[in-house]
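A.B. asks: my_file_9.csv is reproduced below (CSV, C-alpha atoms and all ligand atoms).
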chain,number,residue,atom,x,y,z
A,1309,MET,CA,5.1,-6.1,58.4
A,1310,ARG,CA,6.5,-9.4,59.3
A,1311,GLU,CA,8.6,-9.9,62.4
A,1312,THR,CA,12.2,-9.9,61.3
A,1313,ASP,CA,15.6,-9.4,63.0
A,1314,ALA,CA,15.5,-5.8,61.9
A,1315,ILE,CA,12.1,-5.3,63.4
A,1316,ALA,CA,13.3,-6.8,66.7
A,1317,GLU,CA,16.4,-4.6,66.7
A,1318,ALA,CA,14.4,-1.4,65.9
A,1319,ARG,CA,12.0,-2.3,68.8
A,1320,ARG,CA,15.0,-2.7,71.2
A,1321,ASN,CA,16.4,0.7,70.0
A,1322,LEU,CA,13.1,2.5,70.4
A,1323,GLU,CA,12.5,1.2,73.9
A,1324,VAL,CA,15.8,2.9,74.8
A,1325,CYS,CA,15.0,6.0,72.9
A,1326,ASN,CA,11.5,6.3,74.4
A,1327,ALA,CA,13.1,6.4,77.9
A,1328,CYS,CA,15.9,8.8,76.8
A,1329,ARG,CA,14.1,11.2,74.4
A,1330,TYR,CA,17.2,13.4,74.0
A,1331,CYS,CA,16.6,13.6,70.2
A,1332,GLU,CA,13.0,14.7,70.2
A,1333,GLY,CA,13.6,17.9,68.3
A,1334,TYR,CA,15.6,16.2,65.5
A,1335,CYS,CA,12.8,14.9,63.2
A,1336,ALA,CA,9.2,13.7,63.0
A,1337,VAL,CA,10.2,10.1,64.2
A,1338,PHE,CA,10.7,11.1,67.8
A,1339,PRO,CA,7.3,12.9,68.4
A,1340,ALA,CA,5.6,9.9,66.7
A,1341,MET,CA,7.6,7.5,68.9
A,1342,GLU,CA,6.5,9.4,72.0
A,1343,LEU,CA,2.9,8.7,71.2
A,1344,ARG,CA,3.5,5.0,71.7
A,1345,ARG,CA,4.4,2.7,74.5
A,1346,GLU,CA,4.7,-0.4,72.4
A,1347,PHE,CA,6.1,-0.9,68.9
A,1348,PRO,CA,4.2,-3.5,66.9
A,1349,ALA,CA,5.8,-4.4,63.5
A,1350,THR,CA,3.4,-2.3,61.5
A,1351,ASP,CA,4.2,0.8,63.5
A,1352,LEU,CA,7.9,0.2,63.1
A,1353,GLY,CA,7.3,0.0,59.3
A,1354,TYR,CA,5.6,3.4,59.5
A,1355,LEU,CA,8.3,5.0,61.8
A,1356,ALA,CA,11.1,3.6,59.6
A,1357,ASN,CA,9.6,5.3,56.5
A,1358,LEU,CA,9.2,8.5,58.4
A,1359,CYS,CA,13.0,8.5,59.0
A,1360,HIS,CA,14.9,10.4,56.4
A,1361,GLY,CA,18.2,8.9,57.3
A,1362,CYS,CA,19.8,12.2,58.3
A,1363,ARG,CA,22.0,10.4,60.9
A,1364,GLY,CA,21.6,13.2,63.4
A,1365,CYS,CA,20.4,10.9,66.2
A,1366,PHE,CA,23.3,8.6,65.6
A,1367,TYR,CA,26.0,11.2,66.2
A,1368,ALA,CA,24.1,12.7,69.1
A,1369,CYS,CA,23.6,9.4,70.8
A,1370,GLN,CA,25.6,8.6,73.9
A,1371,TYR,CA,24.4,4.9,73.5
A,1372,ALA,CA,25.6,4.6,69.8
A,1373,PRO,CA,28.4,2.0,69.1
A,1374,PRO,CA,30.8,1.3,70.7
A,1375,HIS,CA,28.5,1.6,73.7
A,1376,GLU,CA,27.1,-1.8,74.6
A,1377,PHE,CA,23.5,-0.6,73.8
A,1378,GLY,CA,24.6,-0.1,70.2
A,1379,ILE,CA,21.8,2.3,69.3
A,1380,ASN,CA,21.8,2.9,65.5
A,1381,LEU,CA,18.5,4.1,64.3
A,1382,PRO,CA,19.5,5.2,60.7
A,1383,LYS,CA,20.9,1.7,60.0
A,1384,VAL,CA,18.1,-0.4,61.3
A,1385,PHE,CA,15.4,1.9,59.9
A,1386,ALA,CA,17.0,1.7,56.4
A,1387,GLU,CA,16.8,-2.1,56.7
A,1388,ILE,CA,13.1,-2.0,57.7
A,1389,ARG,CA,12.3,0.5,54.8
A,1390,GLN,CA,13.8,-2.0,52.4
A,1391,GLU,CA,11.8,-4.9,53.9
A,1392,SER,CA,8.6,-2.8,53.7
A,1393,TYR,CA,9.2,-2.1,49.9
A,1394,VAL,CA,9.6,-5.8,49.3
A,1395,GLN,CA,6.7,-7.0,51.5
A,1396,TYR,CA,4.2,-4.5,50.1
A,1397,ALA,CA,5.4,-4.7,46.5
A,1398,TRP,CA,3.2,-5.7,43.7
A,1399,PRO,CA,3.5,-8.1,41.9
A,1400,GLN,CA,5.6,-10.0,44.5
A,1401,PRO,CA,7.9,-12.0,42.1
A,1402,MET,CA,9.3,-8.7,40.7
A,1403,ALA,CA,10.1,-7.5,44.3
A,1404,LYS,CA,12.0,-10.7,45.0
A,1405,LEU,CA,14.0,-10.3,41.8
A,1406,PHE,CA,15.1,-6.7,42.7
A,1407,GLU,CA,15.7,-7.6,46.4
A,1408,ARG,CA,18.3,-10.2,45.3
A,1409,ASN,CA,20.4,-8.0,43.1
A,1410,GLY,CA,19.2,-4.5,42.3
A,1411,THR,CA,22.4,-3.4,40.6
A,1412,VAL,CA,22.6,-6.2,38.1
A,1413,VAL,CA,18.9,-6.3,37.3
A,1414,SER,CA,18.6,-2.5,36.7
A,1415,VAL,CA,21.7,-2.2,34.5
A,1416,ALA,CA,20.9,-5.4,32.7
A,1417,ALA,CA,17.4,-4.3,32.0
A,1418,ALA,CA,18.7,-1.0,30.6
A,1419,LEU,CA,21.3,-2.6,28.4
A,1420,ILE,CA,18.9,-5.3,27.1
A,1421,THR,CA,16.2,-2.7,26.3
A,1422,ALA,CA,18.8,-0.6,24.5
A,1423,LEU,CA,20.0,-3.6,22.5
A,1424,VAL,CA,16.5,-4.6,21.6
A,1425,MET,CA,15.8,-1.1,20.3
A,1426,ILE,CA,19.1,-1.0,18.4
A,1427,GLY,CA,18.3,-4.4,16.9
A,1428,THR,CA,14.8,-3.2,16.0
A,1429,ALA,CA,16.2,-0.2,14.2
A,1430,LEU,CA,18.8,-2.3,12.4
A,1431,PHE,CA,16.2,-4.8,11.4
A,1432,GLN,CA,14.4,-2.0,9.4
A,1433,SER,CA,17.7,-0.6,7.9
A,1434,PRO,CA,21.1,0.2,9.2
A,1435,ASP,CA,20.7,3.6,7.5
A,1436,ARG,CA,18.1,4.5,10.0
A,1437,LEU,CA,20.3,3.9,13.0
A,1438,PHE,CA,23.6,5.3,11.7
A,1439,GLY,CA,22.2,7.9,9.2
A,1440,VAL,CA,22.1,11.6,9.9
A,1441,HIS,CA,18.5,12.8,10.5
A,1442,ARG,CA,17.7,16.5,11.0
A,1443,GLY,CA,14.5,18.6,11.3
A,1444,GLU,CA,11.0,17.7,12.4
A,1445,GLY,CA,10.4,14.0,13.1
A,1446,ALA,CA,14.2,13.1,13.0
A,1447,PHE,CA,13.9,10.9,16.1
A,1448,TYR,CA,11.0,9.0,14.6
A,1449,ALA,CA,13.1,8.1,11.5
A,1450,VAL,CA,15.1,5.9,13.9
A,1451,ILE,CA,12.4,4.6,16.3
A,1452,PRO,CA,8.8,5.1,15.2
A,1453,HIS,CA,6.8,7.5,17.4
A,1454,ASN,CA,4.1,4.9,18.1
A,1455,VAL,CA,6.7,2.4,19.3
A,1456,MET,CA,8.2,5.0,21.6
A,1457,VAL,CA,4.8,6.0,23.0
A,1458,LEU,CA,3.7,2.3,23.5
A,1459,LEU,CA,7.0,1.3,25.3
A,1460,ALA,CA,7.3,4.4,27.5
A,1461,GLY,CA,3.6,4.7,28.2
A,1462,SER,CA,3.0,1.1,29.1
A,1463,THR,CA,6.1,0.9,31.4
A,1464,PHE,CA,5.2,4.2,33.1
A,1465,VAL,CA,1.6,3.3,33.7
A,1466,PHE,CA,2.8,-0.1,35.0
A,1467,ALA,CA,5.1,1.7,37.5
A,1468,LEU,CA,2.3,4.0,38.7
A,1469,VAL,CA,-0.1,1.1,39.2
A,1470,ALA,CA,2.5,-1.0,41.0
A,1471,ILE,CA,3.4,1.9,43.3
A,1472,ALA,CA,-0.2,2.8,44.0
A,1473,ILE,CA,-1.0,-0.8,45.0
A,1474,SER,CA,2.0,-1.1,47.3
A,1475,ILE,CA,1.3,2.2,49.0
A,1476,ALA,CA,-2.4,1.2,49.5
A,1477,ARG,CA,-1.2,-2.0,51.2
A,1478,PHE,CA,1.3,-0.1,53.4
A,1479,TRP,CA,-1.4,2.5,54.3
A,1480,ARG,CA,-4.1,-0.1,55.0
A,1481,GLU,CA,-1.8,-2.3,57.2
A,1482,ALA,CA,-0.4,0.7,59.1
A,1483,GLY,CA,-3.9,1.5,60.2
A,1484,GLY,CA,-4.9,4.0,57.5
A,1485,GLY,CA,-3.5,6.9,59.4
A,1486,ALA,CA,-5.6,6.3,62.5
A,1487,GLY,CA,-3.0,7.3,65.1
A,1488,PRO,CA,-3.2,7.1,68.9
A,1489,ASN,CA,-4.9,10.5,68.9
A,1490,GLY,CA,-7.7,9.3,66.6
A,1491,LYS,CA,-8.5,10.2,63.0
A,1492,GLN,CA,-8.5,13.8,61.7
A,1493,GLY,CA,-9.5,15.1,58.3
A,1494,MET,CA,-7.1,14.7,55.4
A,1495,GLY,CA,-6.9,18.3,54.1
A,1496,LYS,CA,-4.5,19.8,56.6
A,1497,PRO,CA,-2.3,16.7,57.0
A,1498,LEU,CA,-2.0,16.5,53.2
A,1499,MET,CA,-0.9,20.1,52.9
A,1500,GLN,CA,1.6,19.7,55.8
A,1501,ALA,CA,3.0,16.5,54.3
A,1502,VAL,CA,3.4,18.2,50.9
A,1503,ARG,CA,5.2,21.1,52.5
A,1504,ASP,CA,7.5,18.8,54.5
A,1505,ALA,CA,8.3,16.6,51.5
A,1506,LEU,CA,9.0,19.5,49.1
A,1507,THR,CA,11.3,21.2,51.6
A,1508,LEU,CA,12.8,18.0,52.9
A,1509,LYS,CA,12.2,19.4,56.4
A,1510,ASN,CA,13.3,16.2,58.1
A,1511,LEU,CA,16.7,16.3,56.4
A,1512,GLY,CA,17.3,19.6,58.3
A,1513,GLY,CA,18.3,17.9,61.6
A,1514,GLY,CA,16.1,20.4,63.5
A,1515,GLY,CA,17.6,23.4,61.7
A,1516,HIS,CA,21.4,22.9,61.6
A,1517,GLY,CA,21.5,20.5,58.6
A,1518,CYS,CA,22.3,16.8,58.7
A,1519,ASN,CA,25.4,14.7,59.1
A,1520,ASP,CA,26.3,14.1,55.5
A,1521,THR,CA,29.6,12.2,56.0
A,1522,ASP,CA,30.5,12.4,59.6
A,1523,GLY,CA,29.6,14.1,62.9
A,1524,SER,CA,29.8,17.6,61.4
A,1525,PHE,CA,26.7,19.4,60.1
A,1526,ALA,CA,26.1,20.3,56.5
A,1527,THR,CA,23.3,20.9,54.0
A,1528,SER,CA,24.9,19.2,51.0
A,1529,ARG,CA,22.8,16.1,51.1
A,1530,ARG,CA,19.6,18.0,51.3
A,1531,ASN,CA,20.7,20.4,48.4
A,1532,LEU,CA,21.8,17.5,46.2
A,1533,HIS,CA,18.6,15.6,46.9
A,1534,HIS,CA,16.7,18.8,45.9
A,1535,ALA,CA,18.7,19.0,42.7
A,1536,LEU,CA,18.0,15.4,41.8
A,1537,PHE,CA,14.3,15.6,42.7
A,1538,TYR,CA,13.5,18.9,41.0
A,1539,GLY,CA,15.7,18.0,38.1
A,1540,PHE,CA,13.6,14.9,37.6
A,1541,MET,CA,10.4,16.9,37.9
A,1542,LEU,CA,11.6,19.4,35.2
A,1543,CYS,CA,12.4,16.5,32.9
A,1544,PHE,CA,8.9,15.1,33.5
A,1545,ALA,CA,7.5,18.6,32.8
A,1546,SER,CA,9.6,18.7,29.6
A,1547,THR,CA,8.0,15.4,28.4
A,1548,ASN,CA,4.5,16.7,29.1
A,1549,VAL,CA,5.1,20.0,27.3
A,1550,ALA,CA,6.6,18.0,24.3
A,1551,THR,CA,3.5,15.8,24.3
A,1552,TYR,CA,1.3,18.9,24.1
A,1553,TYR,CA,3.5,20.2,21.2
A,1554,HIS,CA,3.1,16.9,19.4
A,1555,TYR,CA,-0.6,16.3,19.8
A,1556,GLY,CA,-1.9,19.8,20.6
A,1557,LEU,CA,0.2,21.9,18.2
A,1558,GLY,CA,1.1,19.2,15.6
A,1559,LEU,CA,4.9,19.9,16.1
A,1560,GLN,CA,7.2,17.0,16.0
A,1561,ALA,CA,10.5,16.6,18.0
A,1562,PRO,CA,13.3,17.4,18.1
A,1563,TYR,CA,12.5,21.0,19.1
A,1564,GLY,CA,14.8,24.1,18.9
A,1565,TYR,CA,17.4,24.6,21.6
A,1566,PHE,CA,15.5,27.6,23.0
A,1567,SER,CA,12.1,25.8,23.0
A,1568,LEU,CA,10.3,25.2,26.3
A,1569,PRO,CA,10.7,21.3,26.3
A,1570,VAL,CA,14.4,21.6,25.5
A,1571,ILE,CA,15.1,24.3,28.2
A,1572,LEU,CA,13.1,22.3,30.8
A,1573,GLY,CA,14.8,19.0,29.9
A,1574,THR,CA,18.3,20.6,29.8
A,1575,VAL,CA,18.0,22.3,33.2
A,1576,GLY,CA,16.4,19.2,34.6
A,1577,GLY,CA,19.1,16.9,33.1
A,1578,ILE,CA,21.9,19.0,34.6
A,1579,GLY,CA,20.1,19.1,38.0
A,1580,MET,CA,19.7,15.3,37.9
A,1581,THR,CA,23.4,14.8,36.9
A,1582,VAL,CA,24.7,17.1,39.7
A,1583,GLY,CA,22.3,15.6,42.3
A,1584,ALA,CA,23.1,12.0,41.5
A,1585,SER,CA,26.9,12.5,41.2
A,1586,GLY,CA,27.0,14.3,44.5
A,1587,LEU,CA,24.9,11.7,46.3
A,1588,ILE,CA,27.1,8.9,44.9
A,1589,TRP,CA,30.2,10.9,46.2
A,1590,LEU,CA,28.7,11.3,49.7
A,1591,LYS,CA,28.1,7.6,49.8
A,1592,ILE,CA,31.7,6.9,48.9
A,1593,VAL,CA,33.3,9.2,51.4
A,1594,GLY,CA,30.6,8.9,54.2
A,1595,ASP,CA,31.0,7.1,57.5
A,1596,PRO,CA,29.9,3.5,56.9
A,1597,GLU,CA,28.8,3.0,60.6
A,1598,PRO,CA,25.2,4.3,60.3
A,1599,VAL,CA,24.7,2.7,56.9
A,1600,SER,CA,23.4,-0.8,56.2
A,1601,ARG,CA,26.0,-2.3,54.0
A,1602,ARG,CA,23.7,-4.9,52.4
A,1603,LEU,CA,21.6,-2.1,50.9
A,1604,LEU,CA,24.5,-0.2,49.4
A,1605,GLY,CA,24.3,-2.0,46.1
A,1606,ALA,CA,20.6,-1.1,45.5
A,1607,ASP,CA,21.3,2.5,46.5
A,1608,TYR,CA,24.2,2.8,44.0
A,1609,ALA,CA,22.0,1.1,41.4
A,1610,MET,CA,19.3,3.7,41.8
A,1611,LEU,CA,21.7,6.7,41.6
A,1612,VAL,CA,23.6,5.2,38.7
A,1613,LEU,CA,20.4,4.6,36.8
A,1614,LEU,CA,19.2,8.2,37.4
A,1615,TRP,CA,22.6,9.5,36.4
A,1616,MET,CA,22.6,7.4,33.2
A,1617,VAL,CA,19.1,8.7,32.2
A,1618,ALA,CA,20.2,12.3,32.7
A,1619,VAL,CA,23.6,12.0,31.0
A,1620,THR,CA,22.4,10.1,28.0
A,1621,GLY,CA,19.6,12.7,27.6
A,1622,LEU,CA,22.2,15.5,27.6
A,1623,VAL,CA,24.4,13.6,25.2
A,1624,LEU,CA,21.5,13.1,22.9
A,1625,LEU,CA,20.9,16.8,22.8
A,1626,ALA,CA,24.5,17.4,21.9
A,1627,VAL,CA,24.7,14.8,19.1
A,1628,ARG,CA,21.2,15.0,17.7
A,1629,SER,CA,22.4,16.4,14.4
A,1630,THR,CA,25.1,13.8,13.9
A,1631,SER,CA,25.2,10.1,12.9
A,1632,ALA,CA,25.6,9.2,16.6
A,1633,MET,CA,22.0,10.3,17.3
A,1634,GLY,CA,20.3,6.9,16.5
A,1635,VAL,CA,22.4,4.7,18.9
A,1636,THR,CA,22.3,7.5,21.6
A,1637,LEU,CA,18.5,7.7,21.3
A,1638,ALA,CA,18.2,3.9,21.7
A,1639,ILE,CA,20.5,3.9,24.7
A,1640,HIS,CA,18.7,6.8,26.3
A,1641,LEU,CA,15.3,5.2,25.8
A,1642,GLY,CA,16.7,1.9,27.2
A,1643,PHE,CA,17.7,3.7,30.5
A,1644,VAL,CA,14.4,5.6,30.7
A,1645,LEU,CA,12.4,2.3,30.3
A,1646,ALA,CA,14.7,0.5,32.8
A,1647,LEU,CA,14.0,3.4,35.2
A,1648,PHE,CA,10.3,3.1,34.9
A,1649,VAL,CA,10.4,-0.7,35.4
A,1650,ALA,CA,12.7,-0.4,38.4
A,1651,LEU,CA,10.7,2.5,39.9
A,1652,PRO,CA,8.4,0.4,42.2
A,1653,TYR,CA,11.2,-2.1,43.2
A,1654,SER,CA,14.1,0.1,44.0
A,1655,ARG,CA,14.9,2.7,46.6
A,1656,MET,CA,13.3,5.3,44.2
A,1657,VAL,CA,10.0,4.2,45.7
A,1658,HIS,CA,11.0,5.7,49.0
A,1659,GLY,CA,9.4,9.0,48.1
A,1660,ALA,CA,5.9,7.5,47.9
A,1661,TYR,CA,6.3,5.6,51.2
A,1662,ARG,CA,7.8,8.6,53.0
A,1663,PHE,CA,5.0,10.8,51.8
A,1664,ALA,CA,2.4,8.3,53.1
A,1665,ALA,CA,4.3,8.2,56.4
A,1666,LEU,CA,4.4,12.1,56.6
A,1667,VAL,CA,0.6,12.2,56.0
A,1668,ARG,CA,0.1,9.8,58.8
A,1669,ALA,CA,2.4,11.7,61.1
A,1670,ALA,CA,0.5,14.9,60.4
A,1671,ARG,CA,-2.7,13.1,61.2
A,1672,GLU,CA,-1.5,11.9,64.5
A,1673,HIS,CA,-0.6,15.3,65.9
A,1701,LIG,S1,19.1,8.0,69.6
A,1701,LIG,FE1,20.2,7.9,71.5
A,1701,LIG,S2,20.3,10.0,72.3
A,1701,LIG,FE2,18.7,9.9,70.7
A,1701,LIG,S3,16.8,9.5,71.8
A,1701,LIG,FE3,17.6,7.5,71.2
A,1701,LIG,S4,18.9,6.8,72.9
A,1701,LIG,FE4,18.5,9.0,73.2
A,1702,LIG,S1,18.4,9.3,61.2
A,1702,LIG,FE1,17.6,11.4,61.2
A,1702,LIG,S2,15.5,11.2,60.4
A,1702,LIG,FE2,16.2,9.2,61.0
A,1702,LIG,S3,15.4,8.9,63.1
A,1702,LIG,FE3,17.5,9.7,63.3
A,1702,LIG,S4,17.3,12.0,63.4
A,1702,LIG,FE4,15.3,11.1,62.6
As structure tokens - that is how I would like this structure written.
C.D. replies:
Amino acid sequence: MRETDAIAEARRNLEVCNACRYCEGYCAVFPAMELRREFPATDLGYLANLCHGCRGCFYACQYAPPHEFGINLPKVFAEIRQESYVQYAWPQPMAKLFERNGTVVSVAAALITALVMIGTALFQSPDRLFGVHRGEGAFYAVIPHNVMVLLAGSTFVFALVAIAISIARFWREAGGGAGPNGKQGMGKPLMQAVRDALTLKNLGGGGHGCNDTDGSFATSRRNLHHALFYGFMLCFASTNVATYYHYGLGLQAPYGYFSLPVILGTVGGIGMTVGASGLIWLKIVGDPEPVSRRLLGADYAMLVLLWMVAVTGLVLLAVRSTSAMGVTLAIHLGFVLALFVALPYSRMVHGAYRFAALVRAAREH
């Protein structure tokens, strides 16, 4: 990590916290902080990605604004996390683009992709786009199966490669998990990190929940995050099952309303819609003090993009037997492709960074 204003501010904050230590039971950041006497930039990148932004330490802190010390860990850590995504991103020109204006780029990418797909379908014949298609292979009458697989497959693989390269850079620069206590094996730390990530243990505020909107404790943010994450995973499972149906069983989409891919996709889509809507609402009504305002645009872009993917998927299910299916399919695919392209350069990448930080934290203790 480069030395920046946010890095200097986090160092100042942690020097106070390391003397105070009042919040040591709140999350994994404080035990990791207590292992250190100095805070080089790379360690601050690691600690910032270990922070889940629950805001518990902000409302507990006697030195938070308006106190002259102005301790505000959730805000400064959010800024460092964003800087880490940009600094370790691959390829770099893409990261710069998203850093400048995540909202415009994500939505523009989705709309352009949808327009290109609509244009492609119109180029073949308007009947394909606006006609009524039913039964096996109906989707592919609008957009050929090979085109869909090529577009979705290439953008998804690109996203995975870009994320893997950036996480490898983060992991290597942060010392590969060699903490002050020396290296341990990977098995147990990996299991613990998986458990902590899947249960969002660090959004629990030490057991009483986190401060979703103000100083009171609640579990809404944790539950909504679960709905969004597990909804996304169910949609991913639905796509995999559908791929098996297509290539393994020779059955072409769309599948029946009570088939496994449709049930998984519907439950997943509803989970994503509820999770993204709720998280947007919490951002709107939440206390702005522990939030970095310059990151809000990118946060909203991510949630709106996830919401659009889920809602257009559910709408597609509802209109798939009508003449609106073609345009809805193109728009849904546009948002899915934009999501894949945006994945490594938006806040959605936080899951991968946070998981790497959790593994490192588990190795240090
Ligand atoms: S956030 Fe405030 S109360 Fe908590 S450890 Fe730091 S200085 Fe102490
Ligand atoms: S905001 Fe929450 S997760 Fe982040 S350092 Fe404070 S208590 Fe820990």
A.B. asks: Using all atoms listed in the file, pick whichever of A:Ile1451, A:Ala1446, A:Leu1624, A:Leu1511 has the shortest atom-to-atom distance to ligand LIG 1702 (chain A).
C.D. replies: A:Leu1511
A.B. asks: Nearest to ligand LIG 1701 (chain A): which of A:Gln1370, A:Leu1343, A:Asn1357, A:Cys1518 is it, counting all atoms listed in the file?
C.D. replies: A:Gln1370
A.B. asks: For CA of Gly1634 in chain A and CA of Pro1652 in chain A, quote the distance in Å rounded to one decimal.
C.D. replies: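 So the answer is 29.1 Å.
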A.B. asks: Could you check how far CA of Met1580 in chain A sits from CA of Tyr1448 in chain A, in Å to one decimal?
C.D. replies: 25.7 Å
A.B. asks: At a cut-off of 9 Å and counting only C-alpha atoms and all ligand atoms, what residues surround ligand LIG 1702 (chain A)? Please answer as a PyMOL selection string.
C.D. replies: chain A and resi 1331-1338+1355-1366+1368+1380-1383+1385-1386+1510-1514+1518-1519+1598
A.B. asks: Can you work out which one of A:Met1309, A:Val1575, A:Ile1315, A:Val1324 has the shortest atom-to-atom distance to ligand LIG 1701 (chain A), counting all atoms listed in the file?
C.D. replies: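 Looking at the shortest contact to ligand LIG 1701 (chain A), the residue is A:Val1324.
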A.B. asks: CA of Val1469 in chain A and CA of Gln1560 in chain A are how many Å apart?
C.D. replies: 29.1 Å
A.B. asks: Taking only C-alpha atoms into account, name the residue in A:Arg1442, A:Arg1345, A:His1533, A:Arg1320 that is nearest to Leu1611 in chain A.
C.D. replies: A:His1533
A.B. asks: Of the candidates A:Gly1439, A:Pro1339, A:Gly1445, A:Gly1586, which shows the shortest atom-to-atom distance to ligand LIG 1701 (chain A), using only C-alpha atoms and all ligand atoms?
C.D. replies: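 Under the stated criterion, the closest residue is A:Pro1339.
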A.B. asks: Could you check the closest approach to ligand LIG 1701 (chain A) for each of A:Asn1326, A:Thr1421, A:Asn1548, A:Gln1390 and tell me which residue wins, using all atoms listed in the file?
C.D. replies: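 Closest candidate: A:Asn1326.
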A.B. asks: Might you pull out every residue within 9 Å of Thr1507 in chain A, with all atoms listed in the file counted and same-chain residues fewer than 5 positions away left off, and present them as a VMD selection string?
C.D. replies: chain A and resid 1502 1530 1534
A.B. asks: Quick one: residues within 10 Å of Tyr1608 in chain A, all atoms listed in the file, excluding same-chain residues fewer than 3 positions away - as a list in words?
C.D. replies: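 The neighbour list is Gly1410, Thr1411, Ala1584, Leu1587, Ile1588, Lys1591, Ile1592, Leu1603, Leu1604, Gly1605, Leu1611, Val1612, Leu1613, Leu1614 and Arg1655 of chain A.
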A.B. asks: Considering only C-alpha atoms, return as a PyMOL selection string whatever protein or nucleic-acid residues lie within 8 Å of Pro1569 in chain A, sequence-local ones (same chain, fewer than 5 positions apart) excluded.
C.D. replies: chain A and resi 1545-1547+1549-1550+1563
A.B. asks: So that I can see what lies close to Val1593 in chain A, please list as a PyMOL selection string the residues with an atom at most 7 Å from it, counting all atoms listed in the file and leaving out residues fewer than 3 positions away in the same chain.
C.D. replies: chain A and resi 1521+1589-1590
A.B. asks: Residues at most 12 Å from Phe1537 in chain A, counting all atoms listed in the file, excluding those fewer than 4 positions away in the same chain, as a PyMOL selection string?
C.D. replies: chain A and resi 1505-1508+1529-1533+1541-1544+1576-1584+1587+1611+1614+1656+1659
